[in-house]
Every structure is written in C-alpha cells, then in structure tokens.
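Next comes input_15.txt, a file with compact mmCIF, C-alpha atoms and all ligand atoms.
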# COMPACT_ATOMS: atom_id res chain seq x y z
CA MET A 855 0.00 0.00 0.00
CA LEU A 856 1.44 3.35 -1.05
CA THR A 857 0.04 5.12 2.02
CA LYS A 858 2.02 2.69 4.24
CA LYS A 859 5.19 2.70 2.17
CA PHE A 860 5.24 6.49 1.91
CA ASP A 861 4.27 7.37 5.45
CA PRO A 862 3.89 11.17 5.65
CA LEU A 863 4.79 11.06 9.36
CA LYS A 864 8.20 9.77 8.28
CA LYS A 865 8.39 12.73 5.87
CA LYS A 866 8.32 10.41 2.87
CA ILE A 867 7.22 11.76 -0.48
CA PHE A 868 5.89 9.62 -3.28
CA GLN A 869 7.41 10.24 -6.68
CA VAL A 870 7.52 8.13 -9.88
CA LEU A 871 8.93 10.62 -12.39
CA ASP A 872 11.91 12.61 -11.15
CA HIS A 873 12.32 16.33 -11.84
CA GLU A 874 13.96 15.62 -15.19
CA GLY A 875 11.20 13.27 -16.35
CA ASN A 876 13.02 9.97 -15.69
CA ILE A 877 11.43 7.02 -13.90
CA THR A 878 12.69 6.72 -10.31
CA ASP A 879 11.68 3.07 -9.85
CA GLU A 880 10.05 0.92 -12.55
CA LYS A 881 8.08 -0.97 -9.89
CA LEU A 882 6.22 2.21 -8.97
CA VAL A 883 4.99 3.02 -12.49
CA PRO A 884 1.18 2.73 -12.60
CA LYS A 885 -0.49 0.90 -15.47
CA ILE A 886 -1.77 3.61 -17.79
CA ASP A 887 -2.58 2.92 -21.42
CA ASP A 888 -0.98 5.08 -24.10
CA GLU A 889 -4.25 6.76 -25.02
CA THR A 890 -4.83 7.89 -21.45
CA LEU A 891 -1.23 9.09 -21.08
CA LEU A 892 -1.60 11.22 -24.20
CA LYS A 893 -5.01 12.52 -23.14
CA MET A 894 -3.52 13.53 -19.78
CA TYR A 895 -0.67 15.39 -21.46
CA LYS A 896 -2.85 17.06 -24.08
CA THR A 897 -5.34 18.24 -21.46
CA MET A 898 -2.58 19.62 -19.26
CA LEU A 899 -1.17 21.46 -22.29
CA LEU A 900 -4.58 22.82 -23.28
CA GLY A 901 -5.04 23.91 -19.65
CA ARG A 902 -1.67 25.71 -19.70
CA ILE A 903 -2.42 27.51 -22.95
CA ALA A 904 -6.02 28.40 -22.07
CA ASP A 905 -4.64 29.72 -18.77
CA THR A 906 -1.96 31.89 -20.39
CA LYS A 907 -4.59 33.25 -22.77
CA ALA A 908 -7.06 33.99 -19.95
CA LEU A 909 -4.41 36.02 -18.17
CA GLN A 910 -3.77 37.99 -21.36
CA TYR A 911 -7.49 38.65 -21.92
CA GLN A 912 -7.78 39.90 -18.36
CA ARG A 913 -4.81 42.23 -18.82
CA GLN A 914 -6.48 43.54 -21.99
CA GLY A 915 -9.55 44.35 -19.91
CA ARG A 916 -11.62 41.68 -21.66
CA MET A 917 -11.91 39.12 -18.82
CA LEU A 918 -12.89 39.63 -15.18
CA THR A 919 -10.77 38.42 -12.23
CA TYR A 920 -9.11 35.12 -13.05
CA ALA A 921 -7.29 32.50 -10.91
CA PRO A 922 -4.36 31.00 -12.86
CA ILE A 923 -3.51 27.28 -12.75
CA LYS A 924 0.04 27.49 -14.16
CA GLY A 925 2.28 24.87 -12.56
CA GLN A 926 -0.54 22.88 -10.99
CA GLU A 927 -1.81 21.04 -14.07
CA ALA A 928 -0.54 17.59 -13.01
CA ALA A 929 -1.86 17.92 -9.45
CA HIS A 930 -5.46 18.19 -10.62
CA THR A 931 -5.51 16.51 -14.06
CA ALA A 932 -3.91 13.17 -13.14
CA PRO A 933 -6.39 12.56 -10.26
CA ILE A 934 -9.32 12.98 -12.65
CA ALA A 935 -7.68 10.68 -15.20
CA ALA A 936 -7.55 7.98 -12.51
CA LEU A 937 -11.34 8.10 -11.97
CA ASP A 938 -14.28 6.39 -13.61
CA LYS A 939 -16.75 8.45 -15.60
CA LYS A 940 -19.39 8.06 -12.90
CA ASP A 941 -17.15 9.45 -10.13
CA TRP A 942 -17.71 12.96 -8.85
CA MET A 943 -15.42 15.97 -9.06
CA VAL A 944 -15.83 18.66 -6.42
CA PRO A 945 -13.64 21.55 -7.58
CA ALA A 946 -12.37 24.59 -5.74
CA PHE A 947 -11.42 27.31 -8.26
CA ARG A 948 -7.97 26.33 -9.56
CA GLU A 949 -8.64 23.03 -11.33
CA MET A 950 -9.39 24.10 -14.89
CA ALA A 951 -7.34 21.35 -16.60
CA GLY A 952 -8.93 18.65 -14.43
CA MET A 953 -12.38 19.96 -15.33
CA LEU A 954 -11.45 19.88 -19.01
CA TYR A 955 -10.29 16.28 -18.60
CA LYS A 956 -13.62 15.33 -17.05
CA GLY A 957 -15.43 16.78 -20.05
CA ALA A 958 -16.22 20.41 -19.24
CA ASP A 959 -16.10 22.73 -22.27
CA LEU A 960 -13.50 25.47 -22.31
CA GLU A 961 -16.32 27.76 -23.40
CA LYS A 962 -18.14 27.16 -20.11
CA LEU A 963 -15.00 27.72 -18.06
CA TYR A 964 -14.22 30.98 -19.84
CA LEU A 965 -17.86 32.00 -19.43
CA TYR A 966 -17.53 31.49 -15.66
CA TRP A 967 -14.51 33.77 -15.41
CA TYR A 968 -16.31 36.19 -17.71
CA GLY A 969 -18.81 36.60 -14.90
CA ASN A 970 -21.66 34.47 -16.23
CA GLU A 971 -23.13 31.94 -13.80
CA GLU A 972 -24.11 29.68 -16.70
CA GLY A 973 -20.42 28.87 -16.96
CA ASN A 974 -20.69 27.11 -13.60
CA HIS A 975 -23.50 24.81 -14.64
CA PHE A 976 -22.21 21.56 -16.09
CA ASP A 977 -24.07 18.77 -17.87
CA GLU A 978 -25.38 16.37 -15.25
CA GLU A 979 -23.66 13.32 -16.68
CA LEU A 980 -20.24 14.95 -16.24
CA ARG A 981 -20.64 14.78 -12.48
CA ILE A 982 -18.77 18.01 -11.83
CA LEU A 983 -20.13 20.08 -8.97
CA PRO A 984 -20.15 23.86 -9.47
CA ILE A 985 -16.93 25.73 -8.65
CA SER A 986 -17.28 26.72 -5.01
CA VAL A 987 -15.19 29.68 -3.90
CA PRO A 988 -15.74 29.56 -0.09
CA ILE A 989 -12.52 27.96 1.12
CA ALA A 990 -12.74 24.26 2.11
CA SER A 991 -16.51 24.10 1.45
CA GLN A 992 -15.52 21.50 -1.15
CA ILE A 993 -14.66 19.00 1.59
CA ASN A 994 -18.11 19.08 3.16
CA HIS A 995 -19.76 18.97 -0.27
CA GLY A 996 -17.53 16.03 -1.22
CA ALA A 997 -18.22 14.24 2.06
CA GLY A 998 -21.96 14.64 1.44
CA VAL A 999 -21.75 13.31 -2.12
CA ALA A 1000 -19.58 10.39 -1.00
CA TYR A 1001 -21.91 9.55 1.88
CA ALA A 1002 -24.87 9.57 -0.52
CA ALA A 1003 -23.04 7.17 -2.86
CA LYS A 1004 -22.36 4.84 0.05
CA TYR A 1005 -25.96 5.10 1.29
CA LYS A 1006 -27.31 4.22 -2.13
CA GLY A 1007 -24.80 1.40 -2.55
CA ASP A 1008 -23.34 2.96 -5.72
CA LYS A 1009 -19.75 2.05 -6.48
CA GLU A 1010 -18.52 5.58 -7.07
CA VAL A 1011 -16.24 8.05 -5.34
CA ALA A 1012 -16.07 11.82 -4.86
CA VAL A 1013 -12.82 13.71 -5.28
CA ALA A 1014 -12.73 17.08 -3.55
CA PHE A 1015 -10.01 19.70 -4.02
CA VAL A 1016 -8.78 22.24 -1.50
CA GLY A 1017 -5.72 24.49 -1.18
CA ASP A 1018 -2.98 24.44 1.46
CA GLY A 1019 -4.61 27.43 3.15
CA GLY A 1020 -7.94 25.64 2.98
CA SER A 1021 -6.55 22.77 5.06
CA SER A 1022 -6.60 25.14 8.07
CA HIS A 1023 -10.31 25.88 7.68
CA GLY A 1024 -13.04 24.31 9.79
CA GLU A 1025 -14.84 22.68 6.89
CA PHE A 1026 -11.72 20.71 5.94
CA HIS A 1027 -11.67 19.09 9.38
CA GLU A 1028 -15.41 18.60 9.69
CA GLY A 1029 -15.71 17.04 6.24
CA LEU A 1030 -12.72 14.74 6.67
CA ASN A 1031 -13.91 13.60 10.09
CA PHE A 1032 -17.43 12.94 8.79
CA ALA A 1033 -16.12 10.93 5.83
CA ALA A 1034 -13.81 8.96 8.15
CA THR A 1035 -16.44 8.11 10.74
CA THR A 1036 -18.96 7.12 8.06
CA GLN A 1037 -16.25 5.43 5.95
CA SER A 1038 -17.51 7.30 2.91
CA PRO A 1039 -15.76 7.03 -0.48
CA LEU A 1040 -14.12 10.47 -0.45
CA ILE A 1041 -10.71 11.39 -1.81
CA VAL A 1042 -9.44 14.75 -0.60
CA ILE A 1043 -6.69 16.39 -2.59
CA ILE A 1044 -4.84 19.30 -1.06
CA GLN A 1045 -3.20 21.22 -3.86
CA ASN A 1046 -0.35 22.59 -1.80
CA ASN A 1047 0.89 25.38 -4.07
CA GLN A 1048 2.66 26.82 -1.02
CA TRP A 1049 0.82 30.12 -0.84
CA ALA A 1050 -2.61 31.16 0.42
CA ILE A 1051 -2.62 34.46 -1.46
CA SER A 1052 0.46 36.04 0.24
CA THR A 1053 0.57 33.76 3.32
CA PRO A 1054 3.36 31.18 2.98
CA ARG A 1055 2.82 27.54 3.87
CA GLU A 1056 5.01 27.81 7.02
CA ALA A 1057 2.73 30.49 8.44
CA GLN A 1058 -0.43 28.51 7.79
CA SER A 1059 0.21 25.40 9.87
CA LYS A 1060 2.74 23.88 12.28
CA ALA A 1061 2.11 20.39 10.82
CA GLN A 1062 5.30 18.90 9.32
CA ASN A 1063 3.35 18.30 6.14
CA LEU A 1064 -0.32 18.68 5.31
CA ALA A 1065 -0.86 15.00 4.52
CA SER A 1066 -0.10 14.15 8.14
CA LYS A 1067 -3.29 15.95 9.17
CA GLY A 1068 -5.32 12.99 7.91
CA ILE A 1069 -3.64 10.54 10.30
CA GLY A 1070 -5.37 12.12 13.31
CA TYR A 1071 -8.71 11.33 11.72
CA GLY A 1072 -7.77 7.72 11.00
CA VAL A 1073 -7.57 8.45 7.28
CA PRO A 1074 -4.85 6.82 5.13
CA SER A 1075 -2.79 9.75 3.90
CA ILE A 1076 0.09 10.38 1.54
CA LEU A 1077 2.36 13.21 0.46
CA VAL A 1078 2.87 13.10 -3.31
CA ASP A 1079 5.03 15.06 -5.74
CA GLY A 1080 2.17 17.06 -7.22
CA ASN A 1081 4.14 17.93 -10.36
CA ASP A 1082 4.47 14.24 -11.18
CA PRO A 1083 1.39 13.07 -13.10
CA LEU A 1084 2.30 9.38 -12.78
CA ALA A 1085 2.57 9.54 -8.99
CA MET A 1086 -0.67 11.50 -8.66
CA PHE A 1087 -2.44 8.98 -10.89
CA ALA A 1088 -1.14 6.00 -8.87
CA ALA A 1089 -2.06 7.55 -5.51
CA VAL A 1090 -5.61 8.30 -6.63
CA LYS A 1091 -6.07 4.84 -8.21
CA GLU A 1092 -5.14 3.22 -4.91
CA ALA A 1093 -7.40 5.60 -2.96
CA ARG A 1094 -10.30 4.87 -5.31
CA GLU A 1095 -9.84 1.14 -4.88
CA ARG A 1096 -9.90 1.54 -1.10
CA ALA A 1097 -12.99 3.77 -1.26
CA ILE A 1098 -15.15 1.55 -3.45
CA ASN A 1099 -14.22 -1.47 -1.34
CA GLY A 1100 -15.86 0.23 1.62
CA ASN A 1101 -12.63 1.30 3.33
CA GLY A 1102 -13.33 4.99 3.47
CA PRO A 1103 -11.54 8.20 2.56
CA THR A 1104 -7.94 9.03 1.66
CA LEU A 1105 -6.10 12.31 2.02
CA ILE A 1106 -3.55 13.21 -0.63
CA GLU A 1107 -1.27 16.23 -0.38
CA ALA A 1108 -0.02 17.22 -3.82
CA LEU A 1109 3.16 19.20 -3.30
CA THR A 1110 3.27 21.71 -6.14
CA TYR A 1111 3.90 25.41 -6.74
CA ARG A 1112 1.79 28.24 -8.03
CA LEU A 1113 3.94 29.70 -10.82
CA GLY A 1114 1.59 32.65 -11.40
CA PRO A 1115 -0.29 35.11 -9.20
CA HIS A 1116 -3.07 34.00 -6.82
CA THR A 1117 -5.53 35.85 -9.04
CA THR A 1118 -5.27 38.70 -11.48
CA SER A 1119 -5.79 41.05 -8.49
CA ASP A 1120 -2.57 39.84 -6.86
CA ASP A 1121 1.09 40.80 -7.32
CA PRO A 1122 3.35 37.96 -6.11
CA THR A 1123 6.54 39.92 -6.83
CA ILE A 1124 5.83 41.84 -3.60
CA TYR A 1125 6.08 38.76 -1.37
CA ARG A 1126 7.71 35.98 -3.34
CA ASP A 1127 11.40 35.22 -3.82
CA ASP A 1128 12.56 35.10 -7.44
CA ASP A 1129 14.97 32.23 -6.73
CA ASP A 1130 12.07 30.16 -5.48
CA LEU A 1131 10.21 30.73 -8.71
CA LYS A 1132 13.27 29.73 -10.76
CA TYR A 1133 13.67 26.57 -8.68
CA TRP A 1134 10.08 25.55 -9.37
CA GLU A 1135 10.11 26.52 -13.02
CA LYS A 1136 12.69 23.77 -13.47
CA ARG A 1137 10.18 21.32 -11.96
CA ASP A 1138 7.39 22.26 -14.37
CA PRO A 1139 4.98 19.31 -14.69
CA ILE A 1140 4.44 19.84 -18.42
CA ILE A 1141 8.14 19.87 -19.35
CA ARG A 1142 8.70 16.77 -17.24
CA PHE A 1143 5.77 14.83 -18.66
CA LYS A 1144 6.63 15.83 -22.22
CA LYS A 1145 10.17 14.43 -21.82
CA TYR A 1146 8.71 11.16 -20.52
CA LEU A 1147 6.31 10.86 -23.47
CA ILE A 1148 9.01 11.71 -26.01
CA ASP A 1149 11.29 9.05 -24.46
CA LYS A 1150 8.41 6.58 -24.70
CA GLU A 1151 7.95 7.57 -28.35
CA LEU A 1152 4.36 8.62 -27.77
CA LEU A 1153 5.04 12.22 -28.77
CA THR A 1154 7.50 14.20 -30.92
CA GLU A 1155 8.62 17.83 -30.67
CA GLU A 1156 6.87 18.54 -33.99
CA GLU A 1157 3.58 17.08 -32.77
CA ASP A 1158 3.91 19.08 -29.60
CA GLU A 1159 4.41 22.33 -31.53
CA LYS A 1160 1.37 21.53 -33.66
CA LEU A 1161 -0.72 20.92 -30.54
CA GLN A 1162 0.41 24.21 -29.04
CA LYS A 1163 -0.68 26.11 -32.13
CA GLU A 1164 -3.97 24.26 -32.27
CA TYR A 1165 -4.73 25.03 -28.61
CA LYS A 1166 -3.81 28.71 -28.98
CA ASP A 1167 -6.22 29.04 -31.91
CA PHE A 1168 -8.88 27.08 -30.06
CA SER A 1169 -8.56 29.25 -26.94
CA ASN A 1170 -8.80 32.43 -29.03
CA LYS A 1171 -11.82 31.21 -30.96
CA THR A 1172 -13.55 30.03 -27.80
CA PHE A 1173 -12.99 33.30 -25.98
CA LYS A 1174 -14.28 35.34 -28.92
CA LYS A 1175 -17.49 33.31 -28.77
CA VAL A 1176 -17.80 34.02 -25.04
CA GLU A 1177 -17.18 37.72 -25.60
CA LYS A 1178 -19.99 37.80 -28.16
CA SER A 1179 -22.41 36.47 -25.52
CA GLY A 1180 -22.18 39.86 -23.81
CA LEU A 1181 -22.21 40.72 -20.13
CA VAL A 1182 -25.02 39.49 -17.86
CA PRO A 1183 -27.66 42.10 -17.06
CA LEU A 1184 -27.06 43.93 -13.79
CA GLU A 1185 -30.40 42.75 -12.36
CA ASP A 1186 -29.26 39.12 -12.60
CA VAL A 1187 -26.95 39.65 -9.65
CA PHE A 1188 -29.95 40.56 -7.49
CA ASN A 1189 -32.75 38.51 -8.96
CA TYR A 1190 -32.45 34.90 -7.91
CA THR A 1191 -31.90 34.66 -4.16
CA TYR A 1192 -34.99 36.26 -2.57
CA ALA A 1193 -38.65 35.98 -3.58
CA GLU A 1194 -38.81 39.66 -2.67
CA LEU A 1195 -35.70 41.83 -2.47
CA PRO A 1196 -34.93 43.12 1.04
CA LYS A 1197 -34.81 46.90 1.46
CA ASP A 1198 -30.99 47.23 1.51
CA LEU A 1199 -30.63 45.22 -1.71
CA LYS A 1200 -33.34 47.28 -3.38
CA GLU A 1201 -31.30 50.36 -2.47
CA GLN A 1202 -28.10 48.79 -3.82
CA LEU A 1203 -29.81 47.88 -7.08
CA ALA A 1204 -31.11 51.41 -7.51
CA LEU A 1205 -27.63 52.80 -6.81
CA HIS A 1206 -26.02 50.39 -9.30
CA LYS A 1207 -28.55 51.38 -11.95
CA LYS A 1208 -27.81 55.05 -11.39
CA LEU A 1209 -24.07 54.43 -11.62
CA ALA A 1210 -24.44 52.35 -14.77
CA GLU A 1211 -26.53 55.10 -16.36
CA SER A 1212 -24.03 57.81 -15.49
CA GLU A 1213 -21.16 55.64 -16.83
CA ALA A 1214 -23.05 55.07 -20.07
CA LYS A 1215 -23.37 58.85 -20.65
C1 LIG B 1 -14.28 31.12 3.68
C2 LIG B 1 -13.43 32.02 2.85
N1 LIG B 1 -12.62 32.91 3.43
C3 LIG B 1 -11.84 33.72 2.67
C4 LIG B 1 -11.89 33.66 1.30
C5 LIG B 1 -11.01 34.58 0.45
N2 LIG B 1 -9.94 33.80 -0.22
C6 LIG B 1 -10.05 33.43 -1.49
S1 LIG B 1 -8.75 32.48 -1.99
C7 LIG B 1 -8.00 32.59 -0.48
C8 LIG B 1 -6.70 31.88 -0.22
C9 LIG B 1 -6.76 30.42 -0.58
O1 LIG B 1 -5.54 29.79 -0.42
P1 LIG B 1 -5.40 28.25 -0.58
O2 LIG B 1 -6.47 27.53 0.17
O3 LIG B 1 -4.00 27.89 -0.26
O4 LIG B 1 -5.74 27.98 -2.12
P2 LIG B 1 -5.05 28.58 -3.43
O5 LIG B 1 -5.80 29.86 -3.74
O6 LIG B 1 -3.62 28.82 -3.14
O7 LIG B 1 -5.27 27.58 -4.50
C10 LIG B 1 -8.77 33.36 0.40
C11 LIG B 1 -8.41 33.63 1.79
C12 LIG B 1 -12.77 32.71 0.73
N3 LIG B 1 -12.87 32.56 -0.59
N4 LIG B 1 -13.52 31.90 1.52
Show me the file's structure as structure tokens.
Ligand SMILES: Cc1ncc(C[n+]2csc(CCOP(=O)(O)OP(=O)(O)O)c2C)c(N)n1
Amino acid sequence: MLTKKFDPLKKKIFQVLDHEGNITDEKLVPKIDDETLLKMYKTMLLGRIADTKALQYQRQGRMLTYAPIKGQEAAHTAPIAALDKKDWMVPAFREMAGMLYKGADLEKLYLYWYGNEEGNHFDEELRILPISVPIASQINHGAGVAYAAKYKGDKEVAVAFVGDGGSSHGEFHEGLNFAATTQSPLIVIIQNNQWAISTPREAQSKAQNLASKGIGYGVPSILVDGNDPLAMFAAVKEARERAINGNGPTLIEALTYRLGPHTTSDDPTIYRDDDDLKYWEKRDPIIRFKKYLIDKELLTEEEDEKLQKEYKDFSNKTFKKVEKSGLVPLEDVFNYTYAELPKDLKEQLALHKKLAESEAK
C-alpha cells in the first residue's frame, strides 16, 4: 500500500517521475494505457495555454478576475484521469485542466470567469459540482456526495479539491472527520501550491506536512510530488480502490507550486522570492511529462508544436465566442436569491442602476 510505504509522518514523499522526467523506480509506475497518457498530457497542455490566454485577456480588460492554474496542471488533471466516468469531481477554483479532462467545455470555463453563472453549470452526466469559492466548502460537499453514494450502494467516489490554506479551515476538518467516521468514499486532494494568497505555507500550519493531518482522523494519507502526473495517478487509483471497497476516505497532499499570481488582483513579486520561482520553473509538470512521453515515443517535438498552435487558436476562438455572448444584465446579480428583495438590496440595485446610467453617458 502506497500510504504505508510512503508514510507522511516519516516525511516520505511519493514520486515516480523525477524532476527531469526519468522514472525513479520501474516498480512504482502505474499501469496507464498510451491513449490515457496522451489525453492527460494534451489536457494539461490545453489547460496551460487556455490559462496563459485567460491572463492575457484579463490584462487587456476583456476578462474579469481570473485564478491562474500554471504549474498545478498535473496535481489536478492526473487525479481525474484515474477516476471512472461516474465518479464525482468537487472543484475549488484552480482546477481548470482537471475539469477539461472530465469533459467540461473550455467555453463554459471561460464564461464562468467572464462573470456568467451559466459557466458554472455543467451537464449532469459529467458529475462536476459547481466551482465553489468559499474555502474548504468543497470537503463538506464532497463528504456529502460520498456519503450519498455509500448510502445508495453505488460504487462511485467523490474527489474534492482544497488548497494548502484551505486545510486550516473548519470545513476541511469537519468534512474529513465525517467521511472517516462514516467510511464514505471520499478522496481529498490538497493542492499545496505553497501560498494562500500572500501567506506562505510555514505560516499557515505547524504540521510537518499537510498529509499528516489525515492521520489524526484515522484516514490513510500520503504526500505526493504534485508535479508528477504518474505519482498522482497512482495515488488516486489506490485511494479509489480503497474507497469503493468500503474502506473509506484518503487524504492526498499534492506538493506543487503556483507559478503565477493568486488571481489577477494579486502581485506575487511583492512577497515571493525570485529564486524560489526559478527553482520551481525547473520542476514544471508539463516539461517533465513531455520528456517522458518523447522518451516513450508517444510524442514528438513537432507534434507538440502543432498541438500548441492548435490550442492557442482554439482558446482564441472560444474566448471570442464568449465575448460575443455579452455581459449578464445587472439585475441578474440581485434577482435569484430572494422571492422579494430586502430593502438594503433594493437600495443597492437602484444605486447600481444610477451608476451604470451615469457611466453610459
Ligand atoms: C471562507 C473564505 N474565506 C476567505 C476567502 C477569500 N480567499 C479566497 S482564496 C484565499 C486563499 C486560498 O488559499 P489556498 O487555500 O492555499 O488555495 P489557493 O488559492 O492557493 O489555490 C482566500 C483567503 C474565501 N474565498 N472563503
């Protein structure tokens, strides 16, 4: 069992592909067919390019606030690749490539960041819950979905994502404890990108690593190199097996790094060390995975260049379509929570209307 062999309390970290993209130990390589390997890589690459483009659109004033995924593509794509179609994904807000892998359209995801709620409404058969911004709410949602699956006797799991900062929030602990005591099929993935906006990992928790937090709840836990897609895939496969066999949740800490800003409203150059960034740029999950696939003769440099061009064009075309859809009407923000608007919201709406009118003049 990987969770035994790589005991987080002994500060062990599970890795299959080293930083250069070479296999560390053949015995650890998970069985993944070539088609899946390529789909994982292509989706990570599309995620990277769609991300770069989104940042550019935002800087051009064409996109609203956006939360970049750069550097974290393996940490959230490989877990989804290890699931069955009927399993559930419970995203936070930095899992765009994983959502694409599960079948979400880029158009929807761009629409979401364009400020349209419709972009957060996925086809039911995809089994992707809406993006939930309140930190660590994903763990309670995931625990609920997993408990329901167990109650109904369905052989399916829920995978919930949270950040390193989120692992200090109440809902993380409540959800994990509930899933453990009910032995529900939940897999919790902490994407430890080492920053909660400008708060570094060391200031967020005294735990030696975040995976070790699961041990206190009686949950098998593992610290994984989150920039290694093969290790992430293997850890989730094992966790899924355990979950559908009735043996409850698993906690996985994916050690990764946020190469970009927290959101487009953030400036990491104020608080982040440049040397740190350079160190992590060398551990880029896409460069590493590409080397592995080229060595395996599943990909060539020429094919990779072609894919990059294709994904750039696709991202541009998709965003232009989203832009054409126009902004949502101001009233939409107020309309769908109360049967009758409370007085203060009525006042806010009137004020917004007045402002919008004066801006239009
Ligand atoms: C309950 C709650 N409190 C505060 C916020 C504001 N907020 C948004 S992102 C963020 C930091 C999240 O850091 P982390 O959990 O490490 O995830 P990351 O953004 O790094 O992926 C905060 C405090 C929020 N969304 N929800």
**Request:** Would you mind reading off the distance between CA of Lys881 in chain A and CA of Lys1145 in chain A, one decimal, in Å?
**Result:** 19.6 Å
**Request:** Please identify every polymer residue within 10 Å of ligand LIG 1 (chain B), using all atoms listed in the file, and present the set as a ChimeraX atom specification.
**Result:** /A:921-923,926,946-949,986-991,1015-1025,1044-1055,1058,1111-1112,1115-1117
**Message:** List the spatial neighbours of Ala1034 in chain A as JSON, numbers by chain - criterion: any atom at most 10 Å away, all atoms listed in the file, same-chain residues fewer than 4 positions off excluded.
**Reply:** {"A": [997, 1028, 1029, 1030, 1038, 1039, 1040, 1068, 1071, 1072, 1073, 1074, 1101, 1102, 1103, 1104]}
**Message:** Can you tell me which residues surround Asp941 in chain A at a distance of at most 12 Å, considering all atoms listed in the file, apart from same-chain residues fewer than 4 positions away, and format the answer as a ChimeraX atom specification?
**Reply:** /A:933-937,956,978-983,996,999-1000,1003,1008-1014,1039-1041,1094,1097-1098
**Prompt:** Just how far from CA of Phe868 in chain A is CA of Pro1139 in chain A, in Å to one decimal?
**Reply:** 15.0 Å
**Prompt:** What gap, in Å, lies between CA of Phe1026 in chain A and CA of Gly998 in chain A?
**Reply:** 12.7 Å
**Message:** Which residue is closest to Gly1080 in chain A? Choose from A:Asp861, A:Glu1155, A:Asp905, A:Glu927 and count only C-alpha atoms.
**Reply:**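 Among A:Asp861, A:Glu1155, A:Asp905, A:Glu927, it is A:Glu927 that comes nearest to Gly1080 in chain A.
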**Request:** Considering only C-alpha atoms, return as number ranges by chain whatever protein or nucleic-acid residues lie within 12 Å of Ser1179 in chain A, sequence-local ones (same chain, fewer than 3 positions apart) excluded.
**Result:** A: 961-962, 964-965, 968-970, 972-973, 1172-1176, 1182-1183
Where is the centre and how long are the edges: axis-aligned box on range 1184-1196 of chain A, 3 Å on each side, Å to one decimal, as JSON:
{"center_x": -32.9, "center_y": 39.3, "center_z": -6.4, "size_x": 17.9, "size_y": 15.3, "size_z": 20.8}
**Request:** Name all residues at most 10 Å from Pro884 in chain A (count all atoms listed in the file; drop same-chain ones fewer than 2 positions away) and give them as a list in words.
**Result:**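 Final neighbour list, sorted by chain and number: Val870, Glu880, Lys881, Leu882, Ile886, Asp887, Leu1084, Ala1085, Met1086, Phe1087, Ala1088, Ala1089, Lys1091 and Glu1092 of chain A.
Using all atoms listed in the file for every distance, the candidate list A:Phe1168, A:Tyr1125, A:Phe976, A:Phe1188 yields A:Phe1168 as the residue closest to Ala904 in chain A.
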